[in-house]
Amino acid sequence: MPLDFFNTSSDSNWAERAKPSEKPTFPNSGEESPLPPPAFLGQKTGTLILPLGRNLHFTGRSELLDRLASRFSRKVPVALYGLSGIGKTQVALEYASLHRNNYATILWAQASTPSSFLSSLGKLAIQLGLHIKDEQRQVVVIDRIAEWLQQHSNWLLVIDDAPDPGALARLLPHATRGHVLITSVNPNWNTVAQPVPVECWTPEESVAFLQQRTSQDAPEDAEWLAQRLGGLPLALEQAGAYVEVTGISLRSYCDLIRSSHQLLLRNETSVEPSRSVGETWAVTLKRIDEESPRSSIVLAILSFMAPSGIPLLALMNLAKLTPNFMKPLVSPKVVADSIATLRKYSLITASDDVASIHPLLQEVVRARLPRLVQRLMSIAAMGLILSSLSSSNPLGKVSHWFPIIPHALTSATHANSLKAWPSLSSVLFFVAGALQLEQGHFSEAQRTLETAVRLARMSYRKKPGLLGTFLATLAFVELSVGNLSLAYSRAEEALSLHRADKTPPAEQILQDLRLLALTAQFSGDLDSELKYAEQALAAAESMYGSSHAEVGSLCDSLANLYGTMGRQIQAAAHADRAKQIYASLPPQTREDADALRQQARAMAALGDLAAAKTKHERALALDRALLGHTHYRVVGGLEDVRRLSQKLGDMTGAWGALEEELMLVEQVYGAHHPLYGFTLESAAKLQQTLGNHTLARDFFARALAVFQKLWRPDHPHLKELFDLSHGPDGDRQAD
């Protein structure tokens, strides 16, 4: 069972637009909607509210909109793809506007990062009345939304800025009773959707937009500007917003563009922006510098965060992070006014709680700053993210912090490249890595935590305990991905550092010892497992006293270990002690998964196996609801239910749990992980009990193949598995 490291989302103009020549087949359009009238783009109903307002300046794209409608007749998702700033989101918004009366419900989700996708779906789930608890929202929401899509029809789901098909793999297979419209810079959607390219505006569309956006009849100036900006909608919108806000003429704006000769992007190999949008931003940013320098500071900080889902509440904490003499410059009112100014010039978009900024603009803003200012802004961004950890999560639910992962990674990565405050950036990397681990994203957590440890080694030589905590977390990840030797060495170093600290953290030392015992178990080293388990028991007794539930749990584990080693006297003694401790504990009133598991262990030790199984089943159900069906903690819950089912003689129920456990272990940890080998061995023993000896030998052989790659050749358990896989008569030949 894996270690639980944490111990514990009608406008008339539209009527005149050309309609497709053939009416598209909308899903179940003749059926009565099971929901209230359609929720649509900023209009609130009893079901949901979508955050985007309609674009009154939308221009052209009639042919593309017709093509979209006809593509939906095939009942396959459609993916709009094209360059950043090409107008994909606006096309999707306009399509939803035109066809709003054809759908019972219109849903909109932002998907630029995994965290923003989960957060966006979580808000939709609340509006759909799915009754997902706050602590569940970020981790189980995809499954709940998928269920809703399967149970309802006549809906449109827009997924904006999706990176690739893999990001939607859990959702798209269930989204077959409505229409799915995807926007992306990635053209590779053929396997799951119909790709439709979005091109730049034609000269005629560009001129029409500029004149409508600015309310100026200046066709020659509009034509020159449209040609200069290459028909890129983002650049033309920036130009139109500037002219509207400042009140200058299109000709004057053209003069400003002619006089702008800055090379705004220092690294044009990482992104391929049109030079035109750089020129329009140069003009606007210069105006912001002159009109509202404080807005320039806020914009600079935003450029060191992830581009979407920026928590505005974090920005309001800016005054707390500055010296007293600067606080009036960055008060909450100043920040709010700055956000309003940036929105006015179309430099950012913002709702009540989050803001977004185009990634190309972020590059432009960073490139304009001197290196020293870049370092200061990256530090300010990191400080804001750290401050949001306490203010945004008063209930202490880990899942509430998942949306800050991209911002922590982005700000820390920028700071690291600028060599700005390595100790602070190491903390940000650690926070992001620990949250990725909590999500069950082992590979991502491994990379992030390796960076955190590397920076911490340089920054925390006088704080060994902090480095030890970083290493212990990384060790658990290494164990989860099957790097046993690395897990062992990192965990040993973490224990050494924690013991060397001036004020040794007792709970962390206990965690280190349990981690080392588990690593030894996965390595097949029973003697080391016993050594660390006994040390963990002594540490728990010293910290909690001799009658604490943690002590009972460790005694229970030692009883099983001694039994495995054939030392029955010690096994019985520890089992009796665990029973006495559990019998002395006061009744538990908590109903969270951890409390239910503790109650179940006590009941099992006292002999009430049926009640214990019921408690474990309730804990497993809570874990599935809270973490999703494929989270690594669900593995342990399935193991608990399976073991008790076997003890109760319910072999059918035990095998059902074991089949799911085996599938999940392979999915989460991989077919080469020691936990997969142990689960295969459990399957073999259960099949032996059921009398299926041929199938049992197959499972023993598969377990042997796993352990042969992990353990030394002379390990005694390999010989035992070899014999079991070949049967009593040696009916198989050795390799």
# chains A, B, ... in the order shown; residues from 1 in each chain; ligands from 1

$ residues_around --residues "Tyr669 (chain A)" --least-positions-apart "2" --cutoff "12 Å" --atoms "only C-alpha atoms" --output "PyMOL selection string"
chain A and resi 1-2+440-443+477-483+630-633+635+661-667+671-677+679

$ residues_around --residues "region 591-595 of chain A" --least-positions-apart "6" --cutoff "9 Å" --atoms "only C-alpha atoms" --output "ChimeraX atom specification"
/A:7-8,615-616,618-623

$ closest_atom_pairs --of "region 354-425 of chain A" --to "region 452-471 of chain A" --cutoff "8 Å" --atoms "only C-alpha atoms" --output "tab-separated table"
residue	atom	partner	partner_atom	distance
A:Pro422	CA	A:Leu455	CA	6.1
A:Ser423	CA	A:Ser459	CA	5.2
A:Ser425	CA	A:Ala452	CA	7.7

$ atom_distance --atom1 "CA of Arg577 (chain A)" --atom2 "CA of Gly552 (chain A)"
7.3 Å

$ atom_distance --atom1 "CA of Leu386 (chain A)" --atom2 "CA of Val373 (chain A)"
20.0 Å

$ select_by_dssp --residues "region 552-605 of chain A" --states "alpha helix (DSSP H)" --output "PyMOL selection string"
chain A and resi 552-564+568-584+593-605

$ closest_residue --among "A:Leu315, A:Ala703, A:Leu229, A:Ile310" --to "Ile297 (chain A)" --atoms "only C-alpha atoms"
A:Leu315

$ residues_around --residues "Lys419 (chain A)" --least-positions-apart "3" --cutoff "12 Å" --atoms "only C-alpha atoms" --output "number ranges by chain"
A: 371-372, 374-376, 378-379, 412-416, 422-426, 455, 458-459

$ write_last_selection --atoms "N, CA and C atoms" --output "PDB file, in the first residue's frame"
ATOM      1  N   ARG A 371      17.169  44.419 -16.818  1.00  0.00           N
ATOM      2  CA  ARG A 371      17.312  43.133 -16.138  1.00  0.00           C
ATOM      3  C   ARG A 371      17.048  43.243 -14.633  1.00  0.00           C
ATOM      4  N   LEU A 372      17.500  44.329 -14.012  1.00  0.00           N
ATOM      5  CA  LEU A 372      17.268  44.494 -12.583  1.00  0.00           C
ATOM      6  C   LEU A 372      15.778  44.570 -12.282  1.00  0.00           C
ATOM      7  N   GLN A 374      13.410  43.327 -14.161  1.00  0.00           N
ATOM      8  CA  GLN A 374      12.870  41.987 -14.398  1.00  0.00           C
ATOM      9  C   GLN A 374      12.992  41.129 -13.145  1.00  0.00           C
ATOM     10  N   ARG A 375      14.141  41.208 -12.503  1.00  0.00           N
ATOM     11  CA  ARG A 375      14.351  40.412 -11.295  1.00  0.00           C
ATOM     12  C   ARG A 375      13.389  40.842 -10.192  1.00  0.00           C
ATOM     13  N   LEU A 376      13.214  42.150 -10.018  1.00  0.00           N
ATOM     14  CA  LEU A 376      12.304  42.645  -8.986  1.00  0.00           C
ATOM     15  C   LEU A 376      10.861  42.228  -9.263  1.00  0.00           C
ATOM     16  N   SER A 378       9.846  39.602 -11.019  1.00  0.00           N
ATOM     17  CA  SER A 378       9.695  38.158 -10.815  1.00  0.00           C
ATOM     18  C   SER A 378       9.593  37.832  -9.327  1.00  0.00           C
ATOM     19  N   ILE A 379      10.354  38.550  -8.500  1.00  0.00           N
ATOM     20  CA  ILE A 379      10.273  38.347  -7.047  1.00  0.00           C
ATOM     21  C   ILE A 379       8.900  38.777  -6.530  1.00  0.00           C
ATOM     22  N   ALA A 412       8.525  31.187 -10.703  1.00  0.00           N
ATOM     23  CA  ALA A 412       9.789  30.624 -10.222  1.00  0.00           C
ATOM     24  C   ALA A 412      10.747  30.337 -11.373  1.00  0.00           C
ATOM     25  N   THR A 413      10.217  29.914 -12.511  1.00  0.00           N
ATOM     26  CA  THR A 413      11.077  29.657 -13.676  1.00  0.00           C
ATOM     27  C   THR A 413      11.721  30.944 -14.169  1.00  0.00           C
ATOM     28  N   HIS A 414      10.932  32.017 -14.237  1.00  0.00           N
ATOM     29  CA  HIS A 414      11.505  33.312 -14.647  1.00  0.00           C
ATOM     30  C   HIS A 414      12.566  33.769 -13.643  1.00  0.00           C
ATOM     31  N   ALA A 415      12.249  33.670 -12.366  1.00  0.00           N
ATOM     32  CA  ALA A 415      13.201  34.103 -11.343  1.00  0.00           C
ATOM     33  C   ALA A 415      14.473  33.266 -11.399  1.00  0.00           C
ATOM     34  N   ASN A 416      14.330  31.989 -11.628  1.00  0.00           N
ATOM     35  CA  ASN A 416      15.502  31.111 -11.708  1.00  0.00           C
ATOM     36  C   ASN A 416      16.394  31.491 -12.882  1.00  0.00           C
ATOM     37  N   PRO A 422      17.194  32.798  -5.263  1.00  0.00           N
ATOM     38  CA  PRO A 422      17.052  31.340  -5.441  1.00  0.00           C
ATOM     39  C   PRO A 422      16.316  30.653  -4.299  1.00  0.00           C
ATOM     40  N   SER A 423      16.491  31.136  -3.067  1.00  0.00           N
ATOM     41  CA  SER A 423      15.819  30.476  -1.949  1.00  0.00           C
ATOM     42  C   SER A 423      14.305  30.590  -2.074  1.00  0.00           C
ATOM     43  N   LEU A 424      13.811  31.752  -2.518  1.00  0.00           N
ATOM     44  CA  LEU A 424      12.369  31.925  -2.682  1.00  0.00           C
ATOM     45  C   LEU A 424      11.848  31.107  -3.861  1.00  0.00           C
ATOM     46  N   SER A 425      12.598  31.102  -4.954  1.00  0.00           N
ATOM     47  CA  SER A 425      12.142  30.317  -6.108  1.00  0.00           C
ATOM     48  C   SER A 425      12.140  28.831  -5.786  1.00  0.00           C
ATOM     49  N   SER A 426      13.074  28.369  -4.935  1.00  0.00           N
ATOM     50  CA  SER A 426      13.069  26.956  -4.552  1.00  0.00           C
ATOM     51  C   SER A 426      11.793  26.609  -3.786  1.00  0.00           C
ATOM     52  N   LEU A 455      18.035  23.997  -6.095  1.00  0.00           N
ATOM     53  CA  LEU A 455      18.134  25.378  -5.613  1.00  0.00           C
ATOM     54  C   LEU A 455      18.264  25.426  -4.096  1.00  0.00           C
ATOM     55  N   MET A 458      21.747  25.058  -2.679  1.00  0.00           N
ATOM     56  CA  MET A 458      22.559  26.270  -2.749  1.00  0.00           C
ATOM     57  C   MET A 458      22.123  27.313  -1.726  1.00  0.00           C
ATOM     58  N   SER A 459      20.857  27.249  -1.309  1.00  0.00           N
ATOM     59  CA  SER A 459      20.290  28.349  -0.531  1.00  0.00           C
ATOM     60  C   SER A 459      20.094  28.050   0.945  1.00  0.00           C
TER      61      SER A 459
END

$ residues_around --residues "Leu361 (chain A)" --least-positions-apart "5" --cutoff "12 Å" --atoms "only C-alpha atoms" --output "PDB file with N, CA and C atoms, in the first residue's frame"
ATOM      1  N   SER A  84      -1.676  32.469 -32.395  1.00  0.00           N
ATOM      2  CA  SER A  84      -2.132  33.302 -31.292  1.00  0.00           C
ATOM      3  C   SER A  84      -2.534  34.666 -31.830  1.00  0.00           C
ATOM      4  N   GLY A  85      -3.666  35.171 -31.371  1.00  0.00           N
ATOM      5  CA  GLY A  85      -4.124  36.489 -31.805  1.00  0.00           C
ATOM      6  C   GLY A  85      -4.906  36.469 -33.095  1.00  0.00           C
ATOM      7  N   LEU A 234      -5.726  40.452 -33.383  1.00  0.00           N
ATOM      8  CA  LEU A 234      -5.251  40.945 -32.095  1.00  0.00           C
ATOM      9  C   LEU A 234      -4.592  42.310 -32.238  1.00  0.00           C
ATOM     10  N   ALA A 235      -3.756  42.474 -33.268  1.00  0.00           N
ATOM     11  CA  ALA A 235      -3.090  43.759 -33.486  1.00  0.00           C
ATOM     12  C   ALA A 235      -4.099  44.846 -33.842  1.00  0.00           C
ATOM     13  N   GLN A 238      -5.933  45.976 -30.739  1.00  0.00           N
ATOM     14  CA  GLN A 238      -5.114  46.876 -29.928  1.00  0.00           C
ATOM     15  C   GLN A 238      -5.126  48.288 -30.505  1.00  0.00           C
ATOM     16  N   LEU A 264      10.708  44.700 -30.226  1.00  0.00           N
ATOM     17  CA  LEU A 264      10.100  44.440 -28.927  1.00  0.00           C
ATOM     18  C   LEU A 264      10.416  43.062 -28.376  1.00  0.00           C
ATOM     19  N   LEU A 265      10.645  42.121 -29.234  1.00  0.00           N
ATOM     20  CA  LEU A 265      10.858  40.764 -28.754  1.00  0.00           C
ATOM     21  C   LEU A 265      12.316  40.379 -28.912  1.00  0.00           C
ATOM     22  N   VAL A 271       8.593  32.064 -29.713  1.00  0.00           N
ATOM     23  CA  VAL A 271       7.238  32.326 -30.165  1.00  0.00           C
ATOM     24  C   VAL A 271       7.344  32.995 -31.521  1.00  0.00           C
ATOM     25  N   PRO A 273       5.491  35.627 -33.107  1.00  0.00           N
ATOM     26  CA  PRO A 273       4.478  36.688 -33.158  1.00  0.00           C
ATOM     27  C   PRO A 273       4.607  37.505 -34.430  1.00  0.00           C
ATOM     28  N   SER A 274       3.505  38.081 -34.861  1.00  0.00           N
ATOM     29  CA  SER A 274       3.585  39.018 -35.962  1.00  0.00           C
ATOM     30  C   SER A 274       4.219  40.308 -35.458  1.00  0.00           C
ATOM     31  N   ARG A 275       5.091  40.882 -36.261  1.00  0.00           N
ATOM     32  CA  ARG A 275       5.705  42.152 -35.869  1.00  0.00           C
ATOM     33  C   ARG A 275       4.639  43.232 -35.676  1.00  0.00           C
ATOM     34  N   VAL A 277       1.674  43.126 -34.199  1.00  0.00           N
ATOM     35  CA  VAL A 277       1.125  43.272 -32.864  1.00  0.00           C
ATOM     36  C   VAL A 277       2.139  43.905 -31.931  1.00  0.00           C
ATOM     37  N   GLY A 278       3.432  43.662 -32.178  1.00  0.00           N
ATOM     38  CA  GLY A 278       4.461  44.322 -31.389  1.00  0.00           C
ATOM     39  C   GLY A 278       4.428  45.824 -31.575  1.00  0.00           C
ATOM     40  N   GLU A 279       4.197  46.262 -32.806  1.00  0.00           N
ATOM     41  CA  GLU A 279       4.148  47.701 -33.063  1.00  0.00           C
ATOM     42  C   GLU A 279       2.954  48.345 -32.367  1.00  0.00           C
ATOM     43  N   THR A 280       1.798  47.681 -32.399  1.00  0.00           N
ATOM     44  CA  THR A 280       0.625  48.268 -31.741  1.00  0.00           C
ATOM     45  C   THR A 280       0.809  48.294 -30.232  1.00  0.00           C
ATOM     46  N   TRP A 281       1.384  47.251 -29.685  1.00  0.00           N
ATOM     47  CA  TRP A 281       1.624  47.234 -28.242  1.00  0.00           C
ATOM     48  C   TRP A 281       2.636  48.305 -27.835  1.00  0.00           C
ATOM     49  N   ALA A 282       3.644  48.542 -28.681  1.00  0.00           N
ATOM     50  CA  ALA A 282       4.638  49.565 -28.353  1.00  0.00           C
ATOM     51  C   ALA A 282       3.976  50.918 -28.146  1.00  0.00           C
ATOM     52  N   THR A 284       0.758  51.474 -27.376  1.00  0.00           N
ATOM     53  CA  THR A 284      -0.119  51.438 -26.202  1.00  0.00           C
ATOM     54  C   THR A 284       0.670  51.447 -24.904  1.00  0.00           C
ATOM     55  N   LEU A 285       1.747  50.674 -24.840  1.00  0.00           N
ATOM     56  CA  LEU A 285       2.538  50.600 -23.613  1.00  0.00           C
ATOM     57  C   LEU A 285       3.198  51.936 -23.296  1.00  0.00           C
ATOM     58  N   LEU A 299       1.130  45.580 -14.711  1.00  0.00           N
ATOM     59  CA  LEU A 299       1.271  44.812 -15.953  1.00  0.00           C
ATOM     60  C   LEU A 299       2.590  44.048 -15.970  1.00  0.00           C
ATOM     61  N   ALA A 300       3.642  44.682 -15.468  1.00  0.00           N
ATOM     62  CA  ALA A 300       4.948  44.014 -15.426  1.00  0.00           C
ATOM     63  C   ALA A 300       4.904  42.781 -14.529  1.00  0.00           C
ATOM     64  N   LEU A 302       2.230  40.992 -13.841  1.00  0.00           N
ATOM     65  CA  LEU A 302       1.409  39.992 -14.527  1.00  0.00           C
ATOM     66  C   LEU A 302       2.211  39.256 -15.598  1.00  0.00           C
ATOM     67  N   SER A 303       3.200  39.897 -16.161  1.00  0.00           N
ATOM     68  CA  SER A 303       3.976  39.263 -17.229  1.00  0.00           C
ATOM     69  C   SER A 303       4.885  38.160 -16.714  1.00  0.00           C
ATOM     70  N   PHE A 304       5.028  38.047 -15.392  1.00  0.00           N
ATOM     71  CA  PHE A 304       5.844  36.977 -14.804  1.00  0.00           C
ATOM     72  C   PHE A 304       4.978  35.877 -14.184  1.00  0.00           C
ATOM     73  N   ALA A 306       1.576  32.960 -15.084  1.00  0.00           N
ATOM     74  CA  ALA A 306       0.964  32.246 -16.195  1.00  0.00           C
ATOM     75  C   ALA A 306      -0.065  33.166 -16.854  1.00  0.00           C
ATOM     76  N   PRO A 307      -0.322  33.012 -18.158  1.00  0.00           N
ATOM     77  CA  PRO A 307      -1.159  33.993 -18.859  1.00  0.00           C
ATOM     78  C   PRO A 307      -2.632  33.971 -18.497  1.00  0.00           C
ATOM     79  N   SER A 346      -7.575  47.144 -23.549  1.00  0.00           N
ATOM     80  CA  SER A 346      -7.604  45.772 -24.086  1.00  0.00           C
ATOM     81  C   SER A 346      -6.275  45.049 -23.920  1.00  0.00           C
ATOM     82  N   LEU A 347      -5.528  45.388 -22.871  1.00  0.00           N
ATOM     83  CA  LEU A 347      -4.274  44.687 -22.600  1.00  0.00           C
ATOM     84  C   LEU A 347      -4.504  43.421 -21.787  1.00  0.00           C
ATOM     85  N   ILE A 348      -5.575  43.393 -21.000  1.00  0.00           N
ATOM     86  CA  ILE A 348      -5.935  42.196 -20.243  1.00  0.00           C
ATOM     87  C   ILE A 348      -7.440  42.022 -20.312  1.00  0.00           C
ATOM     88  N   SER A 356      -6.612  37.555 -17.282  1.00  0.00           N
ATOM     89  CA  SER A 356      -5.830  36.867 -18.305  1.00  0.00           C
ATOM     90  C   SER A 356      -5.106  37.899 -19.141  1.00  0.00           C
ATOM     91  N   ARG A 366       8.094  41.978 -20.707  1.00  0.00           N
ATOM     92  CA  ARG A 366       9.352  41.574 -20.068  1.00  0.00           C
ATOM     93  C   ARG A 366      10.557  42.099 -20.835  1.00  0.00           C
ATOM     94  N   ALA A 367      10.468  42.068 -22.161  1.00  0.00           N
ATOM     95  CA  ALA A 367      11.613  42.497 -22.974  1.00  0.00           C
ATOM     96  C   ALA A 367      11.890  43.993 -22.835  1.00  0.00           C
ATOM     97  N   ARG A 368      10.877  44.787 -22.458  1.00  0.00           N
ATOM     98  CA  ARG A 368      11.069  46.229 -22.308  1.00  0.00           C
ATOM     99  C   ARG A 368      11.763  46.595 -21.007  1.00  0.00           C
TER     100      ARG A 368
END

$ closest_residue --among "A:Ser546, A:Gln194, A:Ile405, A:Leu558" --to "Lys531 (chain A)" --atoms "only C-alpha atoms"
A:Leu558

$ residues_around --residues "Leu718 (chain A)" --least-positions-apart "6" --cutoff "8 Å" --atoms "only C-alpha atoms" --output "number ranges by chain"
A: 704, 707-708

$ closest_residue --among "A:Ala167, A:Gly82, A:Met382, A:Asp221" --to "Pro195 (chain A)" --atoms "only C-alpha atoms"
A:Gly82

$ residues_around --residues "Asp527 (chain A)" --least-positions-apart "6" --cutoff "10 Å" --atoms "only C-alpha atoms" --output "JSON, numbers by chain"
{"A": [517, 520, 521, 533, 561, 565]}

$ closest_residue --among "A:Ile357, A:Leu638, A:Leu437, A:Ala605" --to "Phe402 (chain A)" --atoms "only C-alpha atoms"
A:Leu437

$ closest_residue --among "A:Pro197, A:Leu418, A:Leu181, A:Pro332" --to "Pro370 (chain A)" --atoms "only C-alpha atoms"
A:Leu418

$ closest_residue --among "A:Arg642, A:Gln598, A:Leu484, A:Lys719" --to "Ala701 (chain A)" --atoms "only C-alpha atoms"
A:Lys719

$ select_by_dssp --residues "region 92-237 of chain A" --states "strand (DSSP E or B)" --output "PyMOL selection string"
chain A and resi 105-110+155-160+179-184+194-197

$ decode --residues "region 84-113 of chain A" --atoms "N, CA and C atoms" --output "mmCIF file, in the first residue's frame"
data_model
loop_
_atom_site.group_PDB
_atom_site.id
_atom_site.type_symbol
_atom_site.label_atom_id
_atom_site.label_comp_id
_atom_site.auth_asym_id
_atom_site.auth_seq_id
_atom_site.Cartn_x
_atom_site.Cartn_y
_atom_site.Cartn_z
ATOM 1 N N SER A 84 -1.676 32.469 -32.395
ATOM 2 C CA SER A 84 -2.132 33.302 -31.292
ATOM 3 C C SER A 84 -2.534 34.666 -31.830
ATOM 4 N N GLY A 85 -3.666 35.171 -31.371
ATOM 5 C CA GLY A 85 -4.124 36.489 -31.805
ATOM 6 C C GLY A 85 -4.906 36.469 -33.095
ATOM 7 N N ILE A 86 -5.185 35.278 -33.641
ATOM 8 C CA ILE A 86 -5.859 35.201 -34.934
ATOM 9 C C ILE A 86 -7.366 35.370 -34.804
ATOM 10 N N GLY A 87 -7.904 35.231 -33.565
ATOM 11 C CA GLY A 87 -9.328 35.448 -33.348
ATOM 12 C C GLY A 87 -10.152 34.191 -33.171
ATOM 13 N N LYS A 88 -9.527 33.090 -32.762
ATOM 14 C CA LYS A 88 -10.251 31.817 -32.602
ATOM 15 C C LYS A 88 -11.337 31.917 -31.536
ATOM 16 N N THR A 89 -10.978 32.523 -30.411
ATOM 17 C CA THR A 89 -11.947 32.646 -29.318
ATOM 18 C C THR A 89 -13.140 33.483 -29.747
ATOM 19 N N GLN A 90 -12.890 34.564 -30.486
ATOM 20 C CA GLN A 90 -13.983 35.433 -30.921
ATOM 21 C C GLN A 90 -14.893 34.740 -31.926
ATOM 22 N N VAL A 91 -14.318 33.875 -32.772
ATOM 23 C CA VAL A 91 -15.149 33.111 -33.704
ATOM 24 C C VAL A 91 -16.058 32.160 -32.929
ATOM 25 N N ALA A 92 -15.481 31.479 -31.924
ATOM 26 C CA ALA A 92 -16.286 30.570 -31.112
ATOM 27 C C ALA A 92 -17.396 31.327 -30.388
ATOM 28 N N LEU A 93 -17.075 32.507 -29.881
ATOM 29 C CA LEU A 93 -18.061 33.329 -29.187
ATOM 30 C C LEU A 93 -19.171 33.773 -30.134
ATOM 31 N N GLU A 94 -18.790 34.143 -31.351
ATOM 32 C CA GLU A 94 -19.787 34.583 -32.326
ATOM 33 C C GLU A 94 -20.678 33.418 -32.759
ATOM 34 N N TYR A 95 -20.080 32.238 -32.914
ATOM 35 C CA TYR A 95 -20.898 31.070 -33.271
ATOM 36 C C TYR A 95 -21.941 30.807 -32.185
ATOM 37 N N ALA A 96 -21.505 30.859 -30.932
ATOM 38 C CA ALA A 96 -22.445 30.652 -29.831
ATOM 39 C C ALA A 96 -23.519 31.729 -29.826
ATOM 40 N N SER A 97 -23.148 32.940 -30.175
ATOM 41 C CA SER A 97 -24.113 34.039 -30.215
ATOM 42 C C SER A 97 -25.176 33.805 -31.281
ATOM 43 N N LEU A 98 -24.731 33.423 -32.467
ATOM 44 C CA LEU A 98 -25.656 33.232 -33.579
ATOM 45 C C LEU A 98 -26.628 32.083 -33.334
ATOM 46 N N HIS A 99 -26.160 31.049 -32.676
ATOM 47 C CA HIS A 99 -26.962 29.826 -32.547
ATOM 48 C C HIS A 99 -27.462 29.605 -31.127
ATOM 49 N N ARG A 100 -27.534 30.674 -30.339
ATOM 50 C CA ARG A 100 -27.887 30.508 -28.939
ATOM 51 C C ARG A 100 -29.276 29.913 -28.752
ATOM 52 N N ASN A 101 -30.182 30.146 -29.701
ATOM 53 C CA ASN A 101 -31.541 29.635 -29.554
ATOM 54 C C ASN A 101 -31.673 28.175 -29.985
ATOM 55 N N ASN A 102 -30.607 27.616 -30.540
ATOM 56 C CA ASN A 102 -30.642 26.215 -30.961
ATOM 57 C C ASN A 102 -30.213 25.258 -29.856
ATOM 58 N N TYR A 103 -29.733 25.807 -28.739
ATOM 59 C CA TYR A 103 -29.212 24.967 -27.663
ATOM 60 C C TYR A 103 -29.974 25.223 -26.370
ATOM 61 N N ALA A 104 -30.131 24.150 -25.594
ATOM 62 C CA ALA A 104 -30.718 24.310 -24.264
ATOM 63 C C ALA A 104 -29.723 24.922 -23.299
ATOM 64 N N THR A 105 -28.451 24.588 -23.477
ATOM 65 C CA THR A 105 -27.411 25.070 -22.564
ATOM 66 C C THR A 105 -26.133 25.315 -23.356
ATOM 67 N N ILE A 106 -25.457 26.401 -23.030
ATOM 68 C CA ILE A 106 -24.155 26.695 -23.626
ATOM 69 C C ILE A 106 -23.138 26.772 -22.500
ATOM 70 N N LEU A 107 -22.086 25.958 -22.589
ATOM 71 C CA LEU A 107 -21.036 25.886 -21.578
ATOM 72 C C LEU A 107 -19.729 26.379 -22.174
ATOM 73 N N TRP A 108 -18.925 27.033 -21.344
ATOM 74 C CA TRP A 108 -17.650 27.575 -21.821
ATOM 75 C C TRP A 108 -16.579 27.256 -20.793
ATOM 76 N N ALA A 109 -15.493 26.616 -21.231
ATOM 77 C CA ALA A 109 -14.400 26.249 -20.333
ATOM 78 C C ALA A 109 -13.084 26.723 -20.911
ATOM 79 N N GLN A 110 -12.247 27.317 -20.065
ATOM 80 C CA GLN A 110 -10.919 27.772 -20.465
ATOM 81 C C GLN A 110 -9.923 26.652 -20.158
ATOM 82 N N ALA A 111 -9.080 26.277 -21.122
ATOM 83 C CA ALA A 111 -8.284 25.054 -20.978
ATOM 84 C C ALA A 111 -6.808 25.235 -21.288
ATOM 85 N N SER A 112 -6.268 26.431 -21.127
ATOM 86 C CA SER A 112 -4.866 26.651 -21.504
ATOM 87 C C SER A 112 -3.901 25.835 -20.665
ATOM 88 N N THR A 113 -4.251 25.562 -19.394
ATOM 89 C CA THR A 113 -3.427 24.713 -18.530
ATOM 90 C C THR A 113 -4.347 23.709 -17.839
#
